[in-house]
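Participant: This is the content of my_file24.txt (compact mmCIF, C-alpha atoms):
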```txt
# COMPACT_ATOMS: atom_id res chain seq x y z
CA MET T 184 0.00 0.00 0.00
CA ARG T 185 1.43 3.35 -1.01
CA TRP T 186 0.65 6.23 1.33
CA ASN T 187 0.43 9.93 0.57
CA GLU T 188 1.42 12.57 3.12
CA MET T 189 1.59 10.25 6.11
CA TYR T 190 4.44 10.63 8.59
CA ILE T 191 6.10 9.37 11.72
CA ALA T 192 6.39 12.55 13.78
CA GLY T 193 8.05 11.26 16.94
CA THR T 194 9.36 8.05 18.47
CA GLY T 195 10.60 6.94 21.87
CA SER T 196 11.85 3.87 23.67
CA CYS T 197 12.43 2.52 27.17
CA PHE T 198 14.99 -0.23 27.74
CA PRO T 199 15.77 0.28 31.42
CA GLU T 200 18.55 -2.06 32.58
CA ARG T 201 21.03 -4.57 31.09
CA ASP T 202 21.93 -8.14 31.97
CA ASP T 203 25.41 -9.03 30.70
CA CYS T 204 25.25 -12.20 28.59
CA ALA T 205 28.81 -13.31 29.36
CA GLN T 206 27.97 -13.12 33.05
CA ALA T 207 24.80 -15.13 32.42
CA VAL T 208 26.96 -17.85 30.82
CA ALA T 209 29.40 -17.80 33.74
CA GLU T 210 26.51 -18.22 36.18
CA GLY T 211 25.01 -21.13 34.21
CA ARG T 212 21.89 -19.23 33.13
CA TYR T 213 22.77 -19.18 29.42
CA ASP T 214 24.23 -21.93 27.27
CA ALA T 215 27.77 -21.10 26.10
CA HIS T 216 27.21 -22.52 22.59
CA GLU T 217 24.05 -20.46 22.12
CA TYR T 218 25.85 -17.41 23.47
CA GLU T 219 28.41 -17.73 20.69
CA ARG T 220 25.84 -18.45 18.00
CA ASN T 221 23.32 -15.76 19.00
CA GLY T 222 25.90 -13.00 19.43
CA TYR T 223 24.12 -10.99 22.13
CA ARG T 224 26.23 -8.77 24.38
CA SER T 225 23.52 -7.89 26.88
CA ILE T 226 19.77 -8.13 27.33
CA SER T 227 17.36 -5.40 28.45
CA VAL T 228 15.52 -6.19 31.68
CA GLY T 229 12.61 -4.27 33.12
CA GLY T 230 13.68 -4.23 36.76
CA ASN T 231 10.86 -2.82 38.90
CA LEU T 232 8.90 -1.44 35.94
CA CYS T 233 5.85 -3.31 34.68
CA ALA T 234 5.42 -3.63 30.93
CA ALA T 235 2.72 -0.97 30.63
CA ASP T 236 4.89 1.57 32.46
CA MET T 237 7.68 0.96 29.95
CA ALA T 238 5.18 1.81 27.21
CA VAL T 239 4.32 5.03 29.03
CA ALA T 240 8.01 5.89 29.44
CA ALA T 241 8.51 5.44 25.69
CA ALA T 242 5.32 7.23 24.66
CA ARG T 243 5.90 10.46 26.60
CA PRO T 244 9.03 11.52 24.67
CA ALA T 245 7.50 10.26 21.42
CA LEU T 246 4.54 12.61 21.92
CA ALA T 247 6.75 15.52 23.00
CA ARG T 248 9.05 15.06 19.99
CA SER T 249 6.10 14.83 17.59
CA GLY T 250 4.91 18.39 18.17
CA HIS T 251 1.41 17.05 18.81
CA ALA T 252 -0.62 17.63 21.94
CA GLY T 253 -2.52 14.86 23.67
CA ASP T 254 -5.77 16.22 22.26
CA ASP T 255 -4.49 15.57 18.73
CA ILE T 256 -4.33 11.82 19.32
CA GLY T 257 -7.51 10.26 17.95
CA LEU T 258 -6.53 6.62 18.58
CA VAL T 259 -4.13 4.74 20.86
CA LEU T 260 -2.89 1.32 19.76
CA HIS T 261 -0.87 -0.77 22.20
CA ALA T 262 0.88 -3.95 20.96
CA THR T 263 1.71 -6.68 23.48
CA VAL T 264 2.84 -10.28 23.69
CA HIS T 265 2.76 -10.99 27.42
CA HIS T 266 1.42 -9.82 30.80
CA GLN T 267 1.34 -6.03 31.15
CA GLY T 268 1.35 -5.71 34.94
CA GLN T 269 -2.15 -6.68 36.04
CA ASP T 270 -4.73 -9.37 35.30
CA HIS T 271 -8.18 -8.58 33.85
CA TRP T 272 -7.08 -5.11 32.77
CA THR T 273 -6.86 -2.83 29.73
CA PRO T 274 -3.25 -1.61 29.34
CA ALA T 275 -4.04 0.42 26.21
CA SER T 276 -6.40 2.58 28.28
CA TYR T 277 -3.70 2.91 30.94
CA VAL T 278 -1.22 4.21 28.34
CA GLN T 279 -3.85 6.64 27.09
CA HIS T 280 -4.63 7.80 30.64
CA ARG T 281 -0.97 8.39 31.48
CA VAL T 282 0.17 9.93 28.19
CA THR T 283 -2.49 11.55 26.03
CA GLY T 284 -5.82 11.64 27.81
CA GLY T 285 -8.79 12.26 25.56
CA ARG T 286 -11.76 10.12 24.61
CA GLY T 287 -10.52 8.40 21.47
CA PRO T 288 -10.49 4.59 21.25
CA ALA T 289 -7.66 2.73 23.00
CA VAL T 290 -7.08 -0.72 21.52
CA GLU T 291 -4.71 -3.54 22.40
CA ILE T 292 -3.06 -5.45 19.52
CA LYS T 293 -2.11 -9.11 19.94
CA GLN T 294 -0.09 -10.11 16.89
CA GLY T 295 3.06 -11.41 18.52
CA SER T 296 6.29 -9.74 17.53
CA ASN T 297 4.59 -8.21 14.50
CA GLY T 298 2.34 -6.04 16.66
CA GLY T 299 4.26 -2.79 16.36
CA LEU T 300 4.28 -2.79 12.58
CA ALA T 301 0.67 -3.99 12.50
CA GLY T 302 -0.15 -0.98 14.67
CA LEU T 303 1.60 1.31 12.23
CA ASP T 304 -0.44 -0.05 9.33
CA LEU T 305 -3.68 0.25 11.30
CA ALA T 306 -2.78 3.82 12.32
CA LEU T 307 -2.23 4.81 8.70
CA SER T 308 -5.52 3.23 7.66
CA HIS T 309 -7.35 5.00 10.48
CA LEU T 310 -5.96 8.40 9.53
CA SER T 311 -6.67 7.87 5.86
CA ALA T 312 -10.32 7.17 6.68
CA ARG T 313 -10.78 9.81 9.40
CA HIS T 314 -9.85 13.14 7.88
CA ASP T 315 -10.96 14.95 11.03
CA GLN T 316 -8.12 13.37 13.03
CA GLU T 317 -4.47 14.36 13.00
CA ALA T 318 -2.48 11.65 14.77
CA VAL T 319 -2.37 8.15 16.26
CA LEU T 320 -0.13 6.90 19.06
CA VAL T 321 1.25 3.37 18.65
CA THR T 322 3.03 1.78 21.62
CA THR T 323 4.58 -1.59 22.41
CA ALA T 324 5.75 -3.15 25.66
CA ASP T 325 6.64 -6.50 27.16
CA LYS T 326 8.43 -7.98 30.15
CA PHE T 327 9.60 -11.58 29.76
CA CYS T 328 10.44 -12.50 33.33
CA PRO T 329 10.02 -15.46 35.71
CA PRO T 330 8.03 -17.41 36.57
CA VAL T 331 6.45 -17.55 33.11
CA TYR T 332 9.60 -17.04 31.02
CA ASP T 333 13.21 -18.05 31.32
CA ARG T 334 14.40 -15.39 28.88
CA TYR T 335 17.58 -17.31 28.00
CA ASN T 336 16.00 -20.74 27.60
CA SER T 337 12.26 -20.55 26.84
CA ASP T 338 12.88 -20.12 23.10
CA LYS T 339 15.69 -20.92 20.68
CA TRP T 340 17.69 -18.66 18.33
CA MET T 341 16.79 -15.60 20.38
CA VAL T 342 16.86 -14.16 23.90
CA LEU T 343 13.84 -12.19 25.08
CA GLY T 344 14.41 -8.59 26.18
CA ASP T 345 12.13 -6.27 28.16
CA GLY T 346 11.19 -2.81 27.01
CA GLY T 347 8.74 -0.37 25.51
CA SER T 348 8.68 1.65 22.30
CA ALA T 349 6.36 4.20 20.72
CA ALA T 350 5.65 6.14 17.55
CA VAL T 351 3.31 9.01 16.78
CA VAL T 352 1.85 8.64 13.29
CA SER T 353 0.69 11.94 11.82
CA ARG T 354 -0.96 13.39 8.76
CA ARG T 355 0.43 16.84 9.64
CA GLY T 356 4.11 16.13 9.14
CA GLY T 357 7.11 14.50 10.75
CA PHE T 358 10.75 13.56 10.43
CA ALA T 359 9.96 10.43 8.36
CA ARG T 360 7.46 10.15 5.51
CA VAL T 361 5.80 6.74 5.28
CA LEU T 362 6.07 5.75 1.63
CA ALA T 363 4.52 2.27 1.75
CA THR T 364 3.59 -0.66 3.96
CA ALA T 365 2.75 -4.30 3.31
CA MET T 366 1.40 -7.16 5.44
CA ASP T 367 1.01 -10.90 4.87
CA SER T 368 -0.01 -13.94 6.91
CA ASP T 369 0.09 -17.75 6.79
CA PRO T 370 -2.25 -19.11 9.49
CA ASP T 371 -1.28 -22.71 8.74
CA LEU T 372 1.89 -21.96 10.71
CA GLU T 373 0.04 -20.97 13.90
CA GLU T 374 0.48 -24.53 15.18
CA MET T 375 4.19 -23.93 15.62
CA TYR T 376 3.73 -22.15 18.94
CA ARG T 377 0.38 -23.62 20.00
CA GLY T 378 1.33 -26.94 21.51
CA GLU T 379 -0.88 -30.01 21.65
CA ARG T 380 -3.52 -29.12 24.22
CA PHE T 381 -5.59 -26.18 25.38
CA THR T 382 -5.98 -25.05 29.00
CA ASP T 383 -8.72 -23.31 31.00
CA ALA T 384 -6.54 -20.62 32.57
CA PRO T 385 -3.40 -18.70 31.68
CA PHE T 386 -0.09 -20.44 32.28
CA SER T 387 -1.63 -23.67 33.56
CA THR T 388 1.17 -25.71 31.99
CA ALA T 389 4.59 -26.25 33.52
CA LEU T 390 6.59 -23.06 33.96
CA PRO T 391 8.71 -21.50 32.68
CA LEU T 392 7.23 -21.89 29.22
CA ASP T 393 9.04 -24.35 26.97
CA LEU T 394 8.47 -22.90 23.51
CA ARG T 395 11.33 -24.97 22.16
CA GLU T 396 9.43 -28.21 22.70
CA ARG T 397 6.32 -26.87 20.96
CA LYS T 398 8.41 -25.91 17.93
CA ARG T 399 10.33 -29.19 18.01
CA GLU T 400 7.14 -31.23 17.87
CA TYR T 401 5.83 -29.13 15.00
CA MET T 402 9.09 -29.32 13.04
CA ASP T 403 9.23 -33.10 13.48
CA ARG T 404 5.77 -33.39 11.97
CA VAL T 405 5.96 -30.76 9.19
CA GLY T 406 9.67 -30.59 8.45
CA LEU T 407 12.14 -27.74 8.80
CA PRO T 408 12.57 -27.16 5.03
CA GLU T 409 8.82 -26.61 4.55
CA VAL T 410 8.61 -24.21 7.49
CA ALA T 411 11.71 -22.27 6.42
CA LEU T 412 10.38 -21.95 2.87
CA ARG T 413 7.03 -20.58 3.99
CA CYS T 414 8.58 -18.15 6.46
CA THR T 415 10.98 -16.84 3.82
CA GLU T 416 8.13 -16.50 1.34
CA GLY T 417 6.06 -14.42 3.78
CA LEU T 418 8.96 -12.10 4.54
CA GLN T 419 9.86 -11.69 0.87
CA ASN T 420 6.24 -10.93 0.01
CA VAL T 421 6.02 -7.96 2.35
CA VAL T 422 9.48 -6.53 1.68
CA LYS T 423 9.16 -6.78 -2.09
CA GLY T 424 5.59 -5.49 -1.96
CA ALA T 425 6.45 -2.45 0.16
CA LEU T 426 9.58 -1.65 -1.86
CA GLY T 427 7.60 -1.87 -5.09
CA ASP T 428 4.87 0.44 -3.80
CA ALA T 429 7.56 2.83 -2.53
CA ARG T 430 9.12 2.79 -6.02
CA THR T 431 12.54 1.75 -4.82
CA ASP T 432 14.59 -1.40 -4.30
CA ILE T 433 17.02 -2.97 -1.82
CA ASP T 434 19.93 -0.93 -3.18
CA GLY T 435 17.96 2.26 -2.53
CA ILE T 436 17.64 1.58 1.21
CA ALA T 437 20.14 3.24 3.55
CA ARG T 438 19.19 1.43 6.79
CA PHE T 439 17.25 -1.68 7.75
CA VAL T 440 15.58 -2.28 11.12
CA PHE T 441 14.94 -5.99 11.62
CA PRO T 442 13.92 -7.97 14.72
CA ASN T 443 16.57 -8.37 17.42
CA VAL T 444 16.66 -12.14 17.05
CA GLY T 445 19.94 -14.04 17.38
CA LYS T 446 22.73 -13.28 14.93
CA SER T 447 22.47 -16.64 13.14
CA LEU T 448 18.75 -16.13 12.55
CA VAL T 449 19.31 -12.56 11.39
CA GLN T 450 21.88 -13.87 8.93
CA TRP T 451 19.68 -16.67 7.55
CA ASP T 452 16.32 -14.92 7.52
CA TYR T 453 17.29 -11.38 6.60
CA LEU T 454 20.85 -10.72 5.46
CA ASP T 455 21.18 -13.75 3.19
CA THR T 456 17.59 -13.47 1.93
CA PHE T 457 18.03 -9.89 0.74
CA GLY T 458 21.77 -9.81 0.12
CA ILE T 459 22.62 -6.99 2.52
CA ASP T 460 25.46 -6.37 4.96
CA GLU T 461 25.05 -6.24 8.73
CA GLU T 462 26.41 -2.67 8.77
CA ARG T 463 23.23 -1.41 7.10
CA THR T 464 21.11 -2.87 9.92
CA THR T 465 20.57 -2.07 13.61
CA TRP T 466 21.98 -5.43 14.76
CA GLU T 467 24.83 -3.82 16.73
CA TRP T 468 22.22 -1.99 18.82
CA GLY T 469 19.89 -4.99 18.95
CA SER T 470 22.65 -7.27 20.23
CA GLY T 471 22.62 -5.21 23.41
CA ILE T 472 18.84 -5.28 23.82
CA GLY T 473 17.51 -8.74 22.91
CA HIS T 474 14.27 -9.50 21.15
CA ALA T 475 11.76 -7.11 22.72
CA GLY T 476 8.58 -8.64 21.31
CA ALA T 477 6.74 -6.11 19.15
CA GLY T 478 9.11 -3.27 20.08
CA ASP T 479 12.25 -3.93 18.03
CA GLN T 480 11.30 -1.81 15.00
CA PHE T 481 10.25 1.41 16.76
CA GLY T 482 13.11 0.90 19.21
CA GLY T 483 15.61 0.54 16.39
CA LEU T 484 14.24 3.58 14.56
CA THR T 485 14.51 5.60 17.77
CA HIS T 486 18.12 4.47 18.15
CA LEU T 487 18.96 5.60 14.61
CA ALA T 488 17.32 8.97 15.24
CA GLU T 489 18.94 9.56 18.62
CA THR T 490 22.44 8.65 17.41
CA GLY T 491 22.35 10.91 14.37
CA ALA T 492 22.45 8.00 11.90
CA LEU T 493 19.62 9.35 9.74
CA HIS T 494 20.04 11.87 6.93
CA ALA T 495 17.58 13.75 4.75
CA GLY T 496 16.59 11.62 1.80
CA ASP T 497 17.57 8.31 3.43
CA LYS T 498 15.12 5.48 2.93
CA VAL T 499 14.65 3.12 5.86
CA VAL T 500 13.00 -0.30 5.95
CA LEU T 501 11.27 -1.60 9.08
CA ALA T 502 10.45 -5.30 8.73
CA GLY T 503 9.59 -8.27 10.90
CA SER T 504 7.40 -11.24 11.64
CA GLY T 505 5.20 -12.54 14.42
CA ILE T 506 3.95 -15.93 15.49
CA GLY T 507 0.66 -16.81 13.93
CA PHE T 508 2.37 -16.37 11.42
CA SER T 509 2.40 -12.80 10.06
CA TRP T 510 4.87 -10.45 8.40
CA ALA T 511 4.98 -6.70 7.84
CA CYS T 512 7.22 -4.11 6.24
CA ALA T 513 7.26 -0.32 6.12
CA VAL T 514 9.40 1.90 3.89
CA LEU T 515 10.16 5.36 5.24
CA GLU T 516 11.91 8.38 3.74
CA ILE T 517 13.68 10.75 6.11
CA VAL T 518 12.40 14.28 5.53
CA GLU T 519 14.73 15.91 8.02
CA PRO T 520 16.84 14.17 10.67
CA PRO T 521 15.44 14.95 14.11
CA ASP T 522 17.60 16.74 16.66
CA TRP T 523 17.10 14.23 19.49
CA ALA T 524 20.69 13.28 20.28
```
Would you put the structure from the file into structure tokens?

Facilitator:
Amino acid sequence: MRWNEMYIAGTGSCFPERDDCAQAVAEGRYDAHEYERNGYRSISVGGNLCAADMAVAAARPALARSGHAGDDIGLVLHATVHHQGQDHWTPASYVQHRVTGGRGPAVEIKQGSNGGLAGLDLALSHLSARHDQEAVLVTTADKFCPPVYDRYNSDKWMVLGDGGSAAVVSRRGGFARVLATAMDSDPDLEEMYRGERFTDAPFSTALPLDLRERKREYMDRVGLPEVALRCTEGLQNVVKGALGDARTDIDGIARFVFPNVGKSLVQWDYLDTFGIDEERTTWEWGSGIGHAGAGDQFGGLTHLAETGALHAGDKVVLAGSGIGFSWACAVLEIVEPPDWA
């Protein structure tokens, strides 16, 4: 989908503390072989902050940087994977209460690690249909802590990091023009993370969650080559589709923001697939954060903006996937690098 005069006006992130991965290996919390293969230096941990408060901490600077007031925000979208700090609760409304106020809808998005980019696409669609509204706030947040998660061992090829991120999407203007977005899904792959039986209450199975075993059982039945082919196809569909609608190609992209999965997975799924070098990505930053659920893309974009890595005219790709399975891509063009350093 090509967009006309839609912008990202401000972004923010909250990655509060760091757990050193080498120390985690020395203490027996992280496998030494996986440490070498994944390439993480440190992992973001939430400390005393709940997930929803990390979203608030990211959203406040995003709103301030955007030039919009809280009254301008006609919709709040909050993307999550895991528990936000309270049971039987609406964290999207909490973010709205703490950041923007107002009476616009506040909606939680549950699309796994693809939730941030799904929120961006939904925000653009909302603004294109509601000409009386100026901006949408999209936030993400997660905290992958015990007893539900063992961040180093619950899943394979990645370590789960805590944090929040945010973006204000605007029709009025911003530092990055959204040229195009694309989304795709393959629901046949949802079994990969489902497991074999349903439960009547959250987290009724043995804890911490063993996502590796769920994937192992699925791979044994379906086969790794088939799964890899379908995942690559979904990712290629969205990247090629968004680049085509943006009227550019891989060579025209200055920076890529991919998920903060382990280095081997980044290499296989992204660098080799599109023939790009690591230096054009945000992996160096991501290797100090871990995979922060739906927050890697807005977090990576914020990092590029805050470190002065963006220049007028640069085109930037945000891309990723989420369990379910879904994929999304956005192509941005930097109008003017923000002065956020």

Participant: With 4 Å added on each side, what axis-aligned box encloses every listed atom of segment 484-495 of chain T? Give the centre and edge lengths in Å to one decimal, as JSON.

Facilitator:
```
{"center_x": 18.3, "center_y": 8.7, "center_z": 11.7, "size_x": 16.2, "size_y": 18.2, "size_z": 21.9}
```

Participant: Please determine, counting only C-alpha atoms, which residue among T:Gly476, T:Trp466, T:Gly424, T:Ala513 has the shortest atom-to-atom distance to Leu300 of chain T.

Facilitator: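 Using only C-alpha atoms, the shortest distance to Leu300 of chain T belongs to T:Ala513.
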
Participant: So the first atom is atom CA of His261 of chain T and the second is atom CA of Gly478 of chain T; what is the distance between them in Å, to one decimal place?

Facilitator: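 Separation between atom CA of His261 of chain T and atom CA of Gly478 of chain T: 10.5 Å.
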
Participant: Would you list the residues near (-8.9, 11.9, 18.9) (no more than 6 Å away, in the coordinates of the file, using all atoms listed in the file) as a ChimeraX atom specification?

Facilitator: /T:255-258,287

Participant: List the neighbours of Gly299 of chain T out to 7 Å using all atoms listed in the file; skip same-chain residues closer than 4 positions along the sequence, and give me the result as a list in words.

Facilitator: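 The neighbour list is Ala262, Leu303, Thr323, Ala477 and Gly478 of chain T.
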
Participant: Would you write out those residues with C-alpha atoms, as an mmCIF file, in the coordinates of the input?

Facilitator:
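Heads up, here's the output in selection.cif:
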```cif
data_model
loop_
_atom_site.group_PDB
_atom_site.id
_atom_site.type_symbol
_atom_site.label_atom_id
_atom_site.label_comp_id
_atom_site.auth_asym_id
_atom_site.auth_seq_id
_atom_site.Cartn_x
_atom_site.Cartn_y
_atom_site.Cartn_z
ATOM 1 C CA ALA T 262 0.880 -3.950 20.960
ATOM 2 C CA LEU T 303 1.600 1.310 12.230
ATOM 3 C CA THR T 323 4.580 -1.590 22.410
ATOM 4 C CA ALA T 477 6.740 -6.110 19.150
ATOM 5 C CA GLY T 478 9.110 -3.270 20.080
#
```

Participant: Using all atoms listed in the file, can you tell me which of T:Ser296, T:Thr382, T:Ser337, T:Thr364 comes closest to Val499 of chain T?

Facilitator: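 For Val499 of chain T, the nearest of the candidates is T:Thr364.
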
Participant: With only C-alpha atoms as the counted atoms, please give the residues lying no more than 9 Å from Thr322 of chain T, apart from itself and same-chain residues fewer than 2 positions off, as a ChimeraX atom specification.

Facilitator: /T:238-239,241-242,259-263,275,278,299,302,320,324,347-351,478,481

Participant: Residues within 8 Å of Ala488 of chain T, please, as a PDB file with C-alpha atoms, keeping the file's coordinate frame. Count all atoms listed in the file; anything in the same chain fewer than 2 positions from it doesn't count.

Facilitator:
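Okay, this is what ended up in part.pdb:
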```pdb
ATOM      1  CA  LEU T 484      14.240   3.580  14.560  1.00  0.00           C
ATOM      2  CA  THR T 485      14.510   5.600  17.770  1.00  0.00           C
ATOM      3  CA  HIS T 486      18.120   4.470  18.150  1.00  0.00           C
ATOM      4  CA  THR T 490      22.440   8.650  17.410  1.00  0.00           C
ATOM      5  CA  GLY T 491      22.350  10.910  14.370  1.00  0.00           C
ATOM      6  CA  ALA T 492      22.450   8.000  11.900  1.00  0.00           C
ATOM      7  CA  LEU T 493      19.620   9.350   9.740  1.00  0.00           C
ATOM      8  CA  PRO T 520      16.840  14.170  10.670  1.00  0.00           C
ATOM      9  CA  PRO T 521      15.440  14.950  14.110  1.00  0.00           C
ATOM     10  CA  ASP T 522      17.600  16.740  16.660  1.00  0.00           C
ATOM     11  CA  TRP T 523      17.100  14.230  19.490  1.00  0.00           C
ATOM     12  CA  ALA T 524      20.690  13.280  20.280  1.00  0.00           C
TER      13      ALA T 524
END
```

Participant: So what do you get for atom CA of Val342 of chain T versus atom CA of Gln206 of chain T, distance-wise?

Facilitator: 14.4 Å

Participant: Quick one, how far is atom CA of Arg399 of chain T from atom CA of Glu217 of chain T?

Facilitator: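 Answer for the atom CA of Arg399 of chain T to atom CA of Glu217 of chain T separation: 16.8 Å.
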
Participant: What's around Val500 of chain T at 7 Å? Count all atoms listed in the file, leave out sequence neighbours fewer than 5 positions away in its own chain, and write the answer as a list in words.

Facilitator: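 Skipping anything fewer than 5 positions along the chain leaves Ile436, Arg438, Phe439, Val440, Cys512, Ala513, Val514 and Leu515 of chain T.
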
Participant: Please identify all polymer residues within 6 Å of Tyr376 of chain T, counting all atoms listed in the file, omitting same-chain residues fewer than 2 positions from it, and present them as an MDAnalysis selection string.

Facilitator: chainID T and resid 374 378 397

Participant: Between T:Pro442, T:Gly285, T:Gly503, T:Gly250, which residue has the minimum interatomic distance to Ile191 of chain T, considering only C-alpha atoms?

Facilitator: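 Counting only C-alpha atoms, the residue closest to Ile191 of chain T is T:Gly250.
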
Participant: Which one is closest to Thr415 of chain T: T:Gln279, T:Gln269, T:Ser504, T:Ser387? Count all atoms listed in the file.

Facilitator: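 Checking each of T:Gln279, T:Gln269, T:Ser504, T:Ser387 against Thr415 of chain T, counting all atoms listed in the file, the winner is T:Ser504.
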
Participant: Restricting the calculation to all atoms listed in the file, which member of T:Glu461, T:Pro385, T:Gly417, T:Leu501 is positioned closest to Phe441 of chain T?

Facilitator: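 Under the stated criterion, the closest residue is T:Leu501.
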